[in-house]
Structure formats: C-alpha cells, structure tokens
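Notes follow the structure.
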Amino acid sequence: MRNEAVFSVRGDAELTARAGHLFTSARTEFLCAARDLRTWSQPESRAAVRHRMHAGFTVRKLLSPVALADEEARAHLRLVRSKGALVRISPSPLPHETIIIDRRVMILAGQETPTGRAYTVTTSENLVDGVRSLFQAVWEAAVDLETYLHSDVPHLDADGRVILRALGSGLTDASAAKRLGVSLRTYRRRVAELMTTLEADSRFQAGLRAGELGLPR
C-alpha cells in the first residue's frame with residue numbers, strides 16, 4: 001500500500017492487488033460490518049483471516065439479517081464462529097460496509113457500479129478511530145447470531161410439527177398423509193408451505209433449518 005492516508009480503488013481485483021496484503025498482515029483485530037457476505041467475497045482474503053484466528057486475535061463480524069438468507073451463508077457463519085469469531089446481527093441498516101484491521105487501516109465499500117464496486121482505503125488515525133467507535137456502538141446494540149436465530153423462530157401449527165417429524169423419520173408421503181388424515185396432494189402442498197416458512201430449498205434443508213432454530217420434531 002502506498003503512503004497516502006486515503007486512496008480509492010475500483011473492483012475486487014484492484015482491491016486485492018493494492019490492499020490484499022493487509023488481510024494477511026492482520027495481527028490483533030479484524031472487524032467487519034456488511035449487509036451480506038457478498039461484499040467481501042474474495043476466498044483468499046477470507047482464508048487469510050481464518051488462518052490467523054488464534055488466542056489474542058479478535059474477529060468480529062457485524063451483519064444485517066439479509067446475510068442469513070440462505071443455507072450457504074449460515075453455514076459459513078457457523079464455520080467462522082467455530083473458529084472463534086464473534087458474529088452479531090444488527091436489525092438496523094448498515095450504511096457503510098466496512099473492514100477495520102488492527103485499528104490502523106480501514107476499507108470502506110462503496111456502491112456497485114457496472115465497472116465494479118468502489119473501495120476507499122485509509123490509514124488516517126482520526127478516520128479509523130471515528131468509524132471504529134460507530135462500529136462499537138452498533139455492535140453493542142446488535143444480537144448474537146444464535147440468539148437472533150432462536151428469537152426469529154417461525155410459528156408452526158400442530159400439523160406443521162407433525163409434518164416436520166414425518167420428514168425427519170423417513171416416512172413416505174403416502175404414510176405421512178394417512179397419519180395426518182389428509183390427501184397426498186394436500187400433504188405435499190403442506191410440505192411445500194413448510195419449506196417456504198423455514199426458508200428451505202429441500203426437505204433435507206428443512207430438517208437442518210428446524211434443528212438450527214431449535215424447533216422440536
């Protein structure tokens with residue numbers, strides 16, 4: 001990185017070329033605030049941070065609820081939590097998607113454009129400290145990932161829970177429909193509705209999502 005206090009780059013390739021080494025040189029703290037997991041999506045950068053997670057190295061991820069929209073994203077967040085990262089969900093909008101490294105470097109993500117997202121990189125102590133204070137304020141008001149997931153449990157009626165148990169037990173659709181006293185067509189429609197409620201793309205994902213939310217089967 002050059003010595004100027006502030007400079008801008010455009011697109012992931014230029015960001016990696018000019019500031020990618022900052023991710024691998026992080027020593028004590030890595031803070032990330034983002035709307036979702038696509039803003040900072042470079043696999044090399046993610047891997048570099050994961051490899052540096054050790055005692056004395058703090059990783060905090062502050063995300064919007066939209067980051068939990070699919071199973072792949074939730075799986076990634078569970079992985080980084082298992083490695084020691086702290087993950088919180090902010091119900092408030094996050095206007096600036098930001099990375100702060102070791103309290104000395106800050107990267108701000110701009111809007112997407114046809115030529116790629118613009119990023120601003122700064123080593124200005126005043127700017128870094130100011131934005132870090134804002135990050136801390138939002139962090140204090142945010143909710144731990146697991147707490148957020150369990151507080152947003154979908155409502156399932158008695159039939160919905162029976163269907164969930166049937167999916168988990170391996171019953172055929174015909175047997176499950178008979179147990180519920182409904183037609184096969186109605187049962188399959190209810191399964192589809194249940195998958196929508198649980199934001200699952202498959203019956204297997206529905207079971208995973210139910211377990212993640214702590215729903216009894």
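Residue numbering restarts at 1 in every chain; chains get A, B, ... in the order shown in the structure tokens, and ligands count up from 1 in that same order.
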
Quiz item: Among range 4-185 of chain A, which ones does DSSP place in strand (DSSP E), written as a PyMOL selection string?
Solution: chain A and resi 6-10+29-34+58-63+86-89+97-101+105-109+118-122+143-144

Exercise. Name the residues in contact with Ala67 in chain A at a cut-off of 8 Å, using only C-alpha atoms, excluding same-chain residues fewer than 6 positions from it; report them as a ChimeraX atom specification.
Key: /A:35-37,73-74

With N, CA, C and O atoms retained, write the just-selected residues as a compact mmCIF listing (two decimals), in the first residue's frame.
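Saved to again16.txt:
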# COMPACT_ATOMS: atom_id res chain seq x y z
N ARG A 35 -23.62 -5.75 4.86
CA ARG A 35 -25.03 -6.08 4.67
C ARG A 35 -25.19 -7.58 4.46
O ARG A 35 -26.12 -8.20 4.97
N ASP A 36 -24.29 -8.17 3.68
CA ASP A 36 -24.35 -9.60 3.42
C ASP A 36 -22.93 -10.11 3.21
O ASP A 36 -21.97 -9.40 3.47
N LEU A 37 -22.80 -11.35 2.77
CA LEU A 37 -21.48 -11.96 2.65
C LEU A 37 -20.85 -11.77 1.27
O LEU A 37 -19.75 -12.24 1.02
N ALA A 73 -24.81 -19.25 3.38
CA ALA A 73 -24.34 -18.14 4.21
C ALA A 73 -24.35 -18.52 5.68
O ALA A 73 -23.39 -18.24 6.41
N ARG A 74 -25.41 -19.18 6.14
CA ARG A 74 -25.47 -19.59 7.54
C ARG A 74 -24.37 -20.61 7.85
O ARG A 74 -23.78 -20.58 8.94

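Considering only C-alpha atoms, the residue among A:Leu184, A:Ala206, A:Ile100, A:Met195 positioned nearest to Phe23 in chain A is A:Ile100.
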
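Shortest separation to Phe204 in chain A among A:Ser175, A:Asn126, A:Ser169, A:Ser64 occurs at residue A:Ser169, atoms counted being only C-alpha atoms.
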
Quiz item: So which residues touch Gln136 in chain A within 10 Å, counting only C-alpha atoms, skipping near sequence neighbours fewer than 5 positions away, as a PyMOL selection string?
Solution: chain A and resi 31+62+131+141-142

Write the selection just made, keeping all heavy atoms, as a PDB file, in the first residue's frame?
ATOM      1  N   LEU A  31     -12.237  -6.375  12.204  1.00  0.00           N
ATOM      2  CA  LEU A  31     -13.658  -6.040  12.346  1.00  0.00           C
ATOM      3  C   LEU A  31     -14.276  -5.918  10.967  1.00  0.00           C
ATOM      4  O   LEU A  31     -13.691  -5.318  10.067  1.00  0.00           O
ATOM      5  CB  LEU A  31     -13.832  -4.715  13.099  1.00  0.00           C
ATOM      6  CG  LEU A  31     -13.096  -4.544  14.427  1.00  0.00           C
ATOM      7  CD1 LEU A  31     -13.443  -3.192  15.038  1.00  0.00           C
ATOM      8  CD2 LEU A  31     -13.430  -5.677  15.379  1.00  0.00           C
ATOM      9  N   LEU A  62     -20.215  -8.072  11.962  1.00  0.00           N
ATOM     10  CA  LEU A  62     -21.494  -7.416  12.210  1.00  0.00           C
ATOM     11  C   LEU A  62     -22.271  -7.405  10.903  1.00  0.00           C
ATOM     12  O   LEU A  62     -21.818  -6.829   9.916  1.00  0.00           O
ATOM     13  CB  LEU A  62     -21.246  -5.989  12.702  1.00  0.00           C
ATOM     14  CG  LEU A  62     -22.458  -5.119  13.050  1.00  0.00           C
ATOM     15  CD1 LEU A  62     -23.254  -5.727  14.199  1.00  0.00           C
ATOM     16  CD2 LEU A  62     -21.993  -3.715  13.411  1.00  0.00           C
ATOM     17  N   VAL A 131     -14.715   5.777  12.882  1.00  0.00           N
ATOM     18  CA  VAL A 131     -15.596   4.725  12.359  1.00  0.00           C
ATOM     19  C   VAL A 131     -15.602   3.515  13.288  1.00  0.00           C
ATOM     20  O   VAL A 131     -16.631   2.859  13.476  1.00  0.00           O
ATOM     21  CB  VAL A 131     -15.178   4.330  10.930  1.00  0.00           C
ATOM     22  CG1 VAL A 131     -15.993   3.140  10.437  1.00  0.00           C
ATOM     23  CG2 VAL A 131     -15.359   5.511   9.990  1.00  0.00           C
ATOM     24  N   ALA A 141     -25.491  -2.772  20.323  1.00  0.00           N
ATOM     25  CA  ALA A 141     -26.943  -2.872  20.180  1.00  0.00           C
ATOM     26  C   ALA A 141     -27.377  -4.095  19.375  1.00  0.00           C
ATOM     27  O   ALA A 141     -28.566  -4.405  19.312  1.00  0.00           O
ATOM     28  CB  ALA A 141     -27.483  -1.606  19.515  1.00  0.00           C
ATOM     29  N   ALA A 142     -26.430  -4.791  18.754  1.00  0.00           N
ATOM     30  CA  ALA A 142     -26.744  -5.943  17.915  1.00  0.00           C
ATOM     31  C   ALA A 142     -26.936  -7.200  18.769  1.00  0.00           C
ATOM     32  O   ALA A 142     -26.680  -7.206  19.975  1.00  0.00           O
ATOM     33  CB  ALA A 142     -25.634  -6.152  16.892  1.00  0.00           C
TER      34      ALA A 142
END

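Distances to Gly56 in chain A were evaluated for A:Thr28, A:Ser202, A:Ser82, A:Ser8 using only C-alpha atoms, and the minimum falls at A:Thr28.
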
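The space between CA of Thr58 in chain A and CA of Val9 in chain A spans 26.6 Å.
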
Quiz item: Out of A:Ser183, A:Pro65, A:Trp139, A:Arg190, which residue has the shortest atom-to-atom distance to Ile163 in chain A when counting only C-alpha atoms?
Solution: A:Arg190

Quiz item: Any idea what's packed within 6 Å of Val59 in chain A, counting only C-alpha atoms, ignoring anything in its chain fewer than 4 positions away? Could you give it as a PyMOL selection string?
Solution: chain A and resi 29-31+85

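In this model, the gap between CA of Thr16 in chain A and CA of Leu77 in chain A comes to 22.4 Å.
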
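For the set A:Leu149, A:Ile89, A:Leu180, A:Val128, the residue with the smallest atom-to-atom gap to Val105 in chain A is A:Val128, counting only C-alpha atoms.
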